[in-house]
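Student: Next comes coords_6.cif, mmCIF, C-alpha atoms:
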```cif
data_data
#
loop_
_atom_site.label_atom_id
_atom_site.label_comp_id
_atom_site.auth_asym_id
_atom_site.auth_seq_id
_atom_site.Cartn_x
_atom_site.Cartn_y
_atom_site.Cartn_z
CA MET A 482 -42.49 57.08 42.96
CA MET A 483 -39.86 55.26 45.05
CA ARG A 484 -42.21 55.40 48.04
CA MET A 485 -44.99 53.82 45.94
CA THR A 486 -42.61 51.09 44.76
CA ARG A 487 -41.54 50.34 48.33
CA PHE A 488 -45.20 50.12 49.33
CA GLU A 489 -45.89 47.60 46.54
CA LEU A 490 -42.86 45.57 47.59
CA LYS A 491 -44.03 45.53 51.21
CA LYS A 492 -47.41 44.23 50.07
CA ILE A 493 -45.65 41.35 48.32
CA PHE A 494 -43.10 40.45 50.96
CA LEU A 495 -45.32 40.80 54.02
CA LYS A 496 -48.10 38.49 52.85
CA PRO A 497 -48.12 35.38 55.07
CA VAL A 498 -48.68 33.10 52.08
CA ASN A 499 -45.67 34.61 50.29
CA LYS A 500 -43.44 33.76 53.23
CA ILE A 501 -44.29 30.12 52.50
CA VAL A 502 -43.29 30.75 48.88
CA PHE A 503 -39.84 31.89 50.00
CA ILE A 504 -39.45 28.75 52.10
CA ILE A 505 -40.34 26.64 49.04
CA LEU A 506 -37.77 28.56 47.00
CA ALA A 507 -35.09 27.81 49.60
CA ILE A 508 -36.00 24.11 49.71
CA SER A 509 -35.97 23.92 45.90
CA LEU A 510 -32.52 25.49 45.84
CA CYS A 511 -31.17 22.94 48.32
CA VAL A 512 -32.74 19.95 46.54
CA VAL A 513 -31.52 20.89 43.04
CA SER A 514 -28.04 21.72 44.36
CA TYR A 515 -27.92 18.35 46.11
CA PHE A 516 -28.78 16.48 42.91
CA ALA A 517 -26.25 18.50 40.87
CA ILE A 518 -23.46 17.75 43.36
CA GLY A 519 -24.44 14.09 43.41
CA ASP A 520 -24.09 13.97 39.63
CA VAL A 521 -20.31 13.72 40.06
CA ASP A 522 -19.00 10.55 41.67
CA TYR A 523 -15.65 8.88 42.14
CA VAL A 524 -14.69 5.22 42.42
CA ASP A 525 -11.53 4.58 44.44
CA GLU A 526 -9.01 1.80 43.91
CA ASN A 527 -11.01 -0.47 46.24
CA GLY A 528 -14.09 -0.16 44.05
CA GLU A 529 -16.01 2.02 46.50
CA LYS A 530 -18.09 4.90 45.10
CA SER A 531 -18.37 8.32 46.76
CA THR A 532 -19.74 11.78 46.03
CA GLY A 533 -19.20 15.24 47.48
CA ILE A 534 -16.17 17.50 47.89
CA ALA A 535 -13.63 14.71 48.46
CA ALA A 536 -14.91 12.72 45.48
CA ALA A 537 -14.83 15.75 43.18
CA SER A 538 -11.30 16.60 44.29
CA ALA A 539 -10.06 13.06 43.69
CA LEU A 540 -11.74 12.86 40.29
CA GLN A 541 -10.33 16.26 39.32
CA GLY A 542 -6.83 15.03 40.14
CA LYS A 543 -7.29 11.90 38.04
CA LYS A 544 -8.72 13.70 35.01
CA ASN A 545 -6.21 16.53 35.09
CA GLU A 546 -3.42 14.00 34.65
CA TRP A 547 -4.71 13.97 31.06
CA ALA A 548 -5.12 17.76 30.81
CA GLY A 549 -3.86 19.35 27.60
CA TYR A 550 -4.54 19.18 23.89
CA ILE A 551 -6.04 15.91 22.65
CA THR A 552 -3.50 15.11 19.94
CA ASP A 553 -3.02 11.84 18.06
CA ASP A 554 -0.37 10.84 20.61
CA ILE A 555 -2.81 11.34 23.49
CA LEU A 556 -5.52 9.40 21.69
CA ARG A 557 -3.15 6.50 21.05
CA LYS A 558 -2.11 6.56 24.69
CA VAL A 559 -5.78 6.39 25.74
CA LEU A 560 -6.26 3.32 23.52
CA GLU A 561 -3.17 1.68 25.03
CA GLU A 562 -4.29 2.35 28.62
CA ASN A 563 -7.82 1.20 27.82
CA GLU A 564 -6.58 -2.03 26.22
CA HIS A 565 -4.38 -2.76 29.22
CA ILE A 566 -7.37 -2.32 31.59
CA ILE A 567 -9.87 -4.41 29.60
CA ASN A 568 -7.39 -7.27 29.56
CA SER A 569 -6.76 -7.09 33.31
CA GLU A 570 -7.94 -9.70 35.82
CA GLU A 571 -10.23 -7.16 37.54
CA TYR A 572 -12.03 -6.26 34.33
CA LEU A 573 -12.47 -9.89 33.24
CA SER A 574 -13.72 -10.96 36.67
CA THR A 575 -17.40 -11.71 37.26
CA ASP A 576 -17.23 -10.01 40.66
CA MET A 577 -18.75 -6.52 40.56
CA ILE A 578 -16.27 -5.11 43.08
CA GLU A 579 -13.39 -6.24 40.90
CA LYS A 580 -15.05 -4.65 37.87
CA GLU A 581 -15.42 -1.40 39.79
CA LYS A 582 -11.70 -1.53 40.58
CA ALA A 583 -11.01 -1.85 36.86
CA TYR A 584 -13.36 1.05 36.10
CA SER A 585 -11.57 3.24 38.66
CA LYS A 586 -8.44 3.02 36.52
CA LYS A 587 -10.37 4.42 33.52
CA GLN A 588 -11.71 7.51 35.27
CA GLY A 589 -8.82 9.77 34.33
CA PHE A 590 -9.37 9.36 30.59
CA SER A 591 -13.08 8.42 30.68
CA ASP A 592 -14.18 11.66 28.94
CA ILE A 593 -11.70 11.16 26.11
CA ARG A 594 -12.79 7.52 25.83
CA GLU A 595 -16.42 8.66 25.52
CA MET A 596 -15.45 11.03 22.71
CA ILE A 597 -13.83 8.08 20.90
CA ASN A 598 -17.03 6.08 21.37
CA GLN A 599 -19.08 8.83 19.78
CA ALA A 600 -16.64 9.55 16.97
CA PHE A 601 -16.51 5.92 15.87
CA GLY A 602 -20.04 4.91 16.79
CA GLY A 603 -22.00 6.84 14.17
CA PHE A 604 -24.12 9.97 14.48
CA GLN A 605 -27.27 8.38 15.90
CA ASP A 606 -25.74 5.30 17.50
CA TYR A 607 -23.89 4.88 20.77
CA ASN A 608 -21.86 1.90 21.94
CA TYR A 609 -20.04 2.16 25.26
CA TYR A 610 -17.60 -0.57 24.16
CA ARG A 611 -16.79 0.92 20.73
CA ALA A 612 -13.50 2.39 21.97
CA ASP A 613 -12.34 -1.10 22.91
CA SER A 614 -12.11 -2.08 19.23
CA VAL A 615 -10.75 1.14 17.69
CA THR A 616 -7.28 0.57 16.24
CA GLN A 617 -4.20 2.78 16.44
CA GLU A 618 -4.53 3.41 12.70
CA GLU A 619 -8.21 4.36 12.89
CA ILE A 620 -7.69 6.85 15.72
CA ARG A 621 -5.87 9.18 13.32
CA SER A 622 -9.26 10.04 11.79
CA PHE A 623 -10.79 10.95 15.17
CA TYR A 624 -11.62 14.60 14.37
CA ASP A 625 -12.58 13.90 10.76
CA ARG A 626 -15.04 11.24 11.90
CA ARG A 627 -17.14 13.82 13.74
CA THR A 628 -17.82 15.73 10.50
CA ASP A 629 -18.07 12.55 8.40
CA ASN A 630 -20.78 11.22 10.73
CA LEU A 631 -22.72 14.45 10.37
CA ILE A 632 -22.54 14.37 6.56
CA GLU A 633 -23.62 10.72 6.49
CA TRP A 634 -26.59 11.54 8.77
CA LEU A 635 -27.64 14.58 6.72
CA ASN A 636 -27.63 12.49 3.53
CA SER A 637 -29.55 9.58 5.04
CA GLU A 638 -33.07 8.87 3.76
CA GLU A 639 -34.52 9.85 7.13
CA GLN A 640 -32.99 13.34 7.12
CA GLU A 641 -32.46 14.07 3.42
CA SER A 642 -35.61 16.17 3.03
CA ARG A 643 -35.52 17.77 6.49
CA TYR A 644 -32.80 20.29 5.75
CA SER A 645 -32.21 22.47 2.69
CA GLU A 646 -28.81 22.46 0.98
CA GLN A 647 -27.98 25.79 2.63
CA GLU A 648 -28.85 24.38 6.05
CA LYS A 649 -26.72 21.30 5.44
CA GLN A 650 -23.79 23.44 4.38
CA PHE A 651 -24.30 25.63 7.46
CA LEU A 652 -24.06 22.63 9.79
CA ILE A 653 -21.02 21.21 8.00
CA SER A 654 -19.39 24.65 8.09
CA GLN A 655 -20.04 24.99 11.83
CA TYR A 656 -18.47 21.60 12.44
CA GLY A 657 -15.47 22.63 10.37
CA LYS A 658 -15.02 25.85 12.38
CA LEU A 659 -14.58 24.00 15.66
CA GLU A 660 -10.99 24.44 16.75
CA THR A 661 -8.99 21.20 16.91
CA PRO A 662 -7.23 19.55 18.61
CA PHE A 663 -9.53 19.98 21.62
CA TYR A 664 -8.07 21.31 24.83
CA TYR A 665 -9.12 19.03 27.68
CA GLU A 666 -9.23 19.27 31.45
CA TYR A 667 -11.63 18.34 34.27
CA ALA A 668 -14.90 20.22 33.71
CA ASP A 669 -17.41 18.06 35.59
CA GLY A 670 -18.42 20.99 37.81
CA TRP A 671 -19.65 22.97 34.79
CA ALA A 672 -21.27 19.90 33.21
CA ALA A 673 -23.25 19.15 36.39
CA LEU A 674 -24.12 22.82 36.85
CA LEU A 675 -25.55 23.05 33.33
CA GLU A 676 -27.33 19.70 33.59
CA TYR A 677 -29.54 20.94 36.43
CA ALA A 678 -29.64 24.66 35.55
CA PRO A 679 -32.97 24.35 33.64
CA SER A 680 -34.54 22.78 36.74
CA ILE A 681 -33.61 25.68 39.03
CA ILE A 682 -34.63 28.23 36.37
CA MET A 683 -38.04 26.63 35.76
CA LEU A 684 -38.68 26.34 39.49
CA ALA A 685 -37.86 30.03 39.85
CA VAL A 686 -40.57 30.83 37.28
CA LEU A 687 -43.19 28.47 38.68
CA ILE A 688 -42.71 29.64 42.27
CA THR A 689 -42.12 33.35 41.66
CA VAL A 690 -45.44 33.62 39.79
CA PHE A 691 -47.21 33.23 43.15
CA LEU A 692 -45.39 36.38 44.34
CA VAL A 693 -46.25 38.60 41.37
CA SER A 694 -49.62 37.26 40.23
CA GLY A 695 -51.52 39.49 42.65
CA ILE A 696 -49.74 42.76 41.92
CA PHE A 697 -52.38 43.85 39.39
CA SER A 698 -55.42 42.11 40.83
CA ASP A 699 -55.25 42.65 44.60
CA GLU A 700 -56.98 46.06 44.64
CA ILE A 701 -59.82 44.77 42.49
CA GLN A 702 -60.30 41.60 44.53
CA LEU A 703 -60.20 43.62 47.75
CA LYS A 704 -62.72 46.13 46.32
CA ALA A 705 -60.17 48.91 46.72
CA ASP A 706 -59.91 49.66 42.99
CA SER A 707 -62.17 52.71 43.21
CA ILE A 708 -59.78 54.32 45.70
CA PHE A 709 -56.69 53.28 43.74
CA PHE A 710 -57.83 54.60 40.36
CA SER A 711 -59.47 57.76 41.68
CA ALA A 712 -56.27 58.83 43.44
CA ARG A 713 -54.31 61.64 41.78
CA LEU A 714 -51.45 59.34 40.70
CA GLY A 715 -53.50 56.15 40.48
CA ARG A 716 -53.52 55.85 36.68
CA ASP A 717 -49.91 56.75 35.99
CA LYS A 718 -47.18 56.66 38.63
CA ALA A 719 -48.96 54.10 40.81
CA ILE A 720 -49.19 51.70 37.87
CA ALA A 721 -45.56 52.34 36.97
CA ALA A 722 -44.67 51.55 40.59
CA LYS A 723 -46.44 48.19 40.27
CA ILE A 724 -44.49 47.37 37.12
CA LYS A 725 -41.23 48.39 38.80
CA ALA A 726 -42.04 46.30 41.88
CA GLY A 727 -42.74 43.28 39.67
CA PHE A 728 -39.44 43.80 37.87
CA ILE A 729 -37.54 44.04 41.16
CA VAL A 730 -39.15 40.87 42.56
CA VAL A 731 -38.57 38.81 39.41
CA THR A 732 -34.99 40.06 39.06
CA SER A 733 -33.97 39.66 42.70
CA VAL A 734 -35.50 36.20 43.16
CA TYR A 735 -34.00 34.91 39.91
CA TRP A 736 -30.46 36.15 40.44
CA ILE A 737 -30.34 35.18 44.11
CA MET A 738 -31.48 31.66 43.19
CA ILE A 739 -29.16 31.21 40.21
CA LEU A 740 -26.08 32.73 41.87
CA LEU A 741 -26.53 30.72 45.06
CA TYR A 742 -27.04 27.56 43.01
CA SER A 743 -23.97 28.27 40.87
CA GLY A 744 -21.85 29.16 43.89
CA ILE A 745 -22.80 26.02 45.83
CA VAL A 746 -22.23 23.62 42.93
CA LEU A 747 -18.98 25.14 41.69
CA ALA A 748 -17.61 25.50 45.23
CA VAL A 749 -18.09 21.76 45.75
CA LEU A 750 -17.29 20.41 42.28
CA GLY A 751 -14.68 22.94 41.14
CA ILE A 752 -14.47 25.66 38.50
CA GLY A 753 -11.89 24.02 36.26
CA GLY A 754 -12.59 23.54 32.57
CA ALA A 755 -14.55 26.76 32.03
CA GLY A 756 -12.59 27.46 28.86
CA CYS A 757 -12.98 23.98 27.38
CA SER A 758 -15.18 23.42 24.35
CA ILE A 759 -18.61 22.00 25.23
CA GLN A 760 -17.96 19.24 22.66
CA ASN A 761 -15.57 17.75 25.25
CA GLY A 762 -18.64 16.61 27.18
CA PHE A 763 -20.75 13.59 26.32
CA ALA A 764 -24.01 15.57 26.03
CA ASN A 765 -22.68 18.21 23.61
CA TRP A 766 -20.44 16.20 21.30
CA LYS A 767 -22.80 16.78 18.35
CA SER A 768 -23.64 20.44 19.06
CA PHE A 769 -22.98 22.88 16.20
CA TYR A 770 -22.59 25.82 18.60
CA ASN A 771 -18.84 26.31 18.99
CA ILE A 772 -18.73 27.70 22.52
CA THR A 773 -17.03 26.97 25.84
CA TYR A 774 -18.60 25.78 29.10
CA LEU A 775 -18.42 29.31 30.49
CA GLN A 776 -20.15 30.76 27.42
CA ASP A 777 -22.79 28.02 27.63
CA TYR A 778 -23.38 28.95 31.27
CA LEU A 779 -23.67 32.67 30.52
CA LEU A 780 -26.13 32.05 27.68
CA THR A 781 -28.13 29.74 29.95
CA VAL A 782 -28.46 32.16 32.88
CA LEU A 783 -29.10 35.21 30.67
CA GLY A 784 -31.67 33.26 28.66
CA GLY A 785 -33.26 32.10 31.89
CA TYR A 786 -33.49 35.68 33.12
CA LEU A 787 -35.07 36.90 29.89
CA GLY A 788 -37.48 33.95 29.99
CA ASN A 789 -38.40 34.73 33.60
CA LEU A 790 -39.12 38.35 32.73
CA PHE A 791 -41.20 37.54 29.66
CA ILE A 792 -43.28 34.71 31.17
CA LEU A 793 -43.92 36.39 34.52
CA PHE A 794 -44.80 39.76 32.99
CA LEU A 795 -47.13 37.90 30.62
CA SER A 796 -48.75 36.48 33.76
CA MET A 797 -49.04 39.98 35.20
CA LEU A 798 -50.65 41.15 31.95
CA ALA A 799 -53.23 38.37 32.25
CA SER A 800 -53.86 39.42 35.85
CA ALA A 801 -54.28 43.07 34.83
CA LYS A 802 -56.61 42.18 31.96
CA THR A 803 -58.81 39.56 33.65
CA HIS A 804 -58.39 40.64 37.30
CA SER A 805 -57.82 36.97 38.07
CA LYS A 806 -54.88 35.81 40.14
CA ALA A 807 -55.68 32.16 39.40
CA LEU A 808 -55.36 32.64 35.63
CA ALA A 809 -52.08 34.49 36.06
CA VAL A 810 -50.67 31.58 38.07
CA THR A 811 -51.58 29.00 35.41
CA ILE A 812 -49.87 30.75 32.51
CA PRO A 813 -46.28 29.63 33.34
CA PHE A 814 -47.49 26.07 33.82
CA ILE A 815 -49.19 26.15 30.40
CA ILE A 816 -46.12 27.63 28.71
CA LEU A 817 -43.76 25.09 30.27
CA PHE A 818 -45.76 21.87 30.11
CA ILE A 819 -47.71 22.00 26.84
CA PRO A 820 -44.52 21.88 24.67
CA SER A 821 -43.48 18.69 26.47
CA PHE A 822 -46.69 16.99 25.29
CA LEU A 823 -46.08 18.10 21.69
CA ASN A 824 -42.36 17.33 21.68
CA GLY A 825 -42.78 14.01 19.88
CA ILE A 826 -44.44 15.59 16.82
CA SER A 827 -41.55 16.16 14.42
CA VAL A 828 -43.44 18.57 12.14
CA LEU A 829 -43.78 20.97 15.09
CA SER A 830 -40.08 20.90 16.04
CA GLU A 831 -39.31 24.26 14.40
CA VAL A 832 -42.26 25.94 16.10
CA LEU A 833 -41.49 24.38 19.48
CA GLY A 834 -37.87 25.53 19.12
CA LEU A 835 -39.00 29.16 19.27
CA LEU A 836 -41.42 28.97 22.22
CA PRO A 837 -40.52 30.88 25.41
CA ASP A 838 -39.82 27.70 27.40
CA GLN A 839 -36.63 27.36 25.32
CA LEU A 840 -35.22 30.42 27.07
CA LEU A 841 -35.42 28.54 30.36
CA GLN A 842 -33.31 25.70 28.98
CA VAL A 843 -30.81 27.29 26.61
CA CYS A 844 -28.19 24.68 27.52
CA THR A 845 -30.62 22.06 26.19
CA ALA A 846 -31.52 24.09 23.09
CA ILE A 847 -27.81 24.22 22.26
CA LYS A 848 -27.89 20.45 21.77
CA THR A 849 -30.71 20.54 19.21
CA PHE A 850 -30.56 20.98 15.44
CA ASN A 851 -33.32 23.55 15.03
CA LEU A 852 -32.38 25.76 12.08
CA TYR A 853 -34.18 28.70 10.46
CA GLN A 854 -33.53 30.09 7.01
CA VAL A 855 -34.39 33.49 5.58
CA GLY A 856 -33.28 33.71 1.98
CA THR A 857 -29.76 32.29 1.98
CA LYS A 858 -29.12 33.16 5.64
CA VAL A 859 -29.23 30.22 8.06
CA VAL A 860 -29.17 30.60 11.84
CA GLY A 861 -29.77 28.40 14.87
CA ALA A 862 -32.66 28.82 17.30
CA VAL A 863 -30.68 30.26 20.22
CA PRO A 864 -29.80 33.69 18.79
CA ILE A 865 -33.34 34.01 17.38
CA ILE A 866 -35.11 33.46 20.71
CA PHE A 867 -32.81 35.95 22.45
CA VAL A 868 -33.60 38.70 19.94
CA MET A 869 -37.29 37.82 19.53
CA TYR A 870 -38.18 37.73 23.24
CA SER A 871 -36.11 40.80 24.05
CA ILE A 872 -38.28 42.70 21.56
CA LEU A 873 -41.50 41.09 22.81
CA PHE A 874 -40.66 41.94 26.42
CA CYS A 875 -40.05 45.59 25.48
CA ILE A 876 -43.47 45.60 23.78
CA LEU A 877 -45.09 43.85 26.75
CA LEU A 878 -44.22 46.59 29.26
CA PRO A 879 -46.17 49.48 27.66
CA VAL A 880 -49.04 47.10 26.82
CA LEU A 881 -49.26 46.07 30.49
CA TYR A 882 -49.22 49.73 31.54
CA GLN A 883 -51.99 50.72 29.13
CA VAL A 884 -54.20 47.69 29.89
CA TYR A 885 -54.21 48.38 33.62
CA ARG A 886 -54.48 52.13 33.11
CA LYS A 887 -57.73 51.64 31.19
CA THR A 888 -59.31 49.43 33.85
CA GLU A 889 -62.89 50.43 34.48
CA ILE A 890 -64.13 50.98 38.04
CA LYS A 891 -67.24 48.95 38.82
#
```
Once you've parsed the file, please lay out its structure as structure tokens.
Tutor:
Amino acid sequence: MMRMTRFELKKIFLKPVNKIVFIILAISLCVVSYFAIGDVDYVDENGEKSTGIAAASALQGKKNEWAGYITDDILRKVLEENEHIINSEEYLSTDMIEKEKAYSKKQGFSDIREMINQAFGGFQDYNYYRADSVTQEEIRSFYDRRTDNLIEWLNSEEQESRYSEQEKQFLISQYGKLETPFYYEYADGWAALLEYAPSIIMLAVLITVFLVSGIFSDEIQLKADSIFFSARLGRDKAIAAKIKAGFIVVTSVYWIMILLYSGIVLAVLGIGGAGCSIQNGFANWKSFYNITYLQDYLLTVLGGYLGNLFILFLSMLASAKTHSKALAVTIPFIILFIPSFLNGISVLSEVLGLLPDQLLQVCTAIKTFNLYQVGTKVVGAVPIIFVMYSILFCILLPVLYQVYRKTEIK
């Protein structure tokens, strides 16, 4: 069977058109990595902005001056430093260069300042300047404000009927379980990595489908199906070899892409902050998943892998059933782009939260408030999609085998 698998792999890798696919994969990797690295910038004391290794290193040094637990004393110190800067000549100047100089002095505590903005700005509102008016007395309620904002939002007229009492209590309980005070250090490398991870994962799906879409249709399109299916092992081990070859291609392309992307970004931007809570970052302040950046990353890449397997094997099933390579290629595009058109319809949010495209963007799903209740048990969307699509993928494999095995020779 190994010889059959190697033969199927050779058919995939030696096609001239597939060599172009690998070039596109390499270009996609470089482009997404470039944008992720550019997501981190640093403004020096002269007001000049830069990106890249030197910028990340300088920013890391500034932010790690504030590394440690964010206690009341640290929060008060942030307010004092912030007040000193906003009253400086540079900040009050109308010259943009002078303003950039003032901003450069905020970079070290900018993440903590953003958390203050969100804590005192309301659940749905954001005001960049809110921290400028927070008092030393108010800052003592910093951690309580996060939960208070949630409760106020859940009881608002807009959201009152959206969640059941059990779901509301689940969210409040999750907020209460988050360990405080937060431990803080520079984690911009992980934030940038996760910001662009869905892009590299989706590109892996959309490009890899061109490699695997012909595995189950080539013999039929080349009129070689009569030879294939009449061979002694044509309807058992040969089909299993095709499935194995598809699995190897999907797995190898995905992990090479994701590991190279992760290695490039973290090598440039740094690996610090892996153990920090994701709520330290601006994008995840409201998340009810109490996990670290490293755990977020692991969930994202494992979810992406499961999503790749499910979507691409679904494409192979369509190819085996219809004998059409073109239809197989369109399936990932349909799965990924149709939800984006329906995203604005609130009544479909729970359904959309369980579609396979969510596996390709777990780090985004972690930010959403999609909840599902069975009896008195409430759970978020992320664990559900992991379990559900693991089961569906296991069902998909024997179905694919049987569908192609029963192909009629014409």
Student: Which is closest to Thr616 in chain A among A:Tyr584, A:Glu561, A:Asp592, A:Tyr572, if we use all atoms listed in the file?
Tutor: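 So, comparing all the options, the nearest one is A:Glu561.
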Student: Pull out every residue that the PyMOL selection byres ((chain A and resi 730-735) around 8) matches in the shown coordinates and put them as a compact mmCIF listing (two decimals) with C-alpha atoms, in the frame of the given file.
Tutor:
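Saved the output as selection02.txt:
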```txt
# COMPACT_ATOMS: atom_id res chain seq x y z
CA LEU A 490 -42.86 45.57 47.59
CA ILE A 682 -34.63 28.23 36.37
CA ALA A 685 -37.86 30.03 39.85
CA THR A 689 -42.12 33.35 41.66
CA LEU A 692 -45.39 36.38 44.34
CA VAL A 693 -46.25 38.60 41.37
CA ALA A 726 -42.04 46.30 41.88
CA GLY A 727 -42.74 43.28 39.67
CA PHE A 728 -39.44 43.80 37.87
CA ILE A 729 -37.54 44.04 41.16
CA TRP A 736 -30.46 36.15 40.44
CA ILE A 737 -30.34 35.18 44.11
CA MET A 738 -31.48 31.66 43.19
CA ILE A 739 -29.16 31.21 40.21
CA TYR A 786 -33.49 35.68 33.12
CA ASN A 789 -38.40 34.73 33.60
CA LEU A 790 -39.12 38.35 32.73
CA LEU A 793 -43.92 36.39 34.52
```
Student: Decode the PyMOL selection byres ((chain A and resi 627-632) around 9) for the given file into explicit residues and return them as a list in words.
Tutor: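 When the PyMOL selection byres ((chain A and resi 627-632) around 9) is applied, the selected residues are Gln599, Ala600, Phe601, Gly602, Gly603, Phe604, Gln605, Ser622, Phe623, Tyr624, Asp625, Arg626, Glu633, Trp634, Leu635, Asn636, Ser637, Lys649, Leu652, Ile653, Tyr656, Gly657, Trp766 and Lys767 of chain A.
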Student: In Å, with one decimal, what is the gap from CA of Leu659 in chain A to CA of Phe769 in chain A?
Tutor: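 Atom-to-atom, CA of Leu659 in chain A to CA of Phe769 in chain A, that is 8.5 Å.
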Student: Where's the centre, and what are the edge lengths in Å to one decimal, of a box along x, y and z enclosing all listed atoms of range 669-672 of chain A padded 8 Å per side, as JSON?
Tutor:
```
{"center_x": -19.3, "center_y": 20.5, "center_z": 35.5, "size_x": 19.9, "size_y": 20.9, "size_z": 20.6}
```
Student: Quick one, how far is CA of Gln541 in chain A from CA of Leu560 in chain A?
Tutor: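 Between these atoms lies a distance of 20.8 Å.
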Student: What is the distance, in Å and to one decimal place, between CA of Thr773 in chain A and CA of Gln760 in chain A?
Tutor: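 Taking CA of Thr773 in chain A as the start and CA of Gln760 in chain A as the end point, the length is 8.4 Å.
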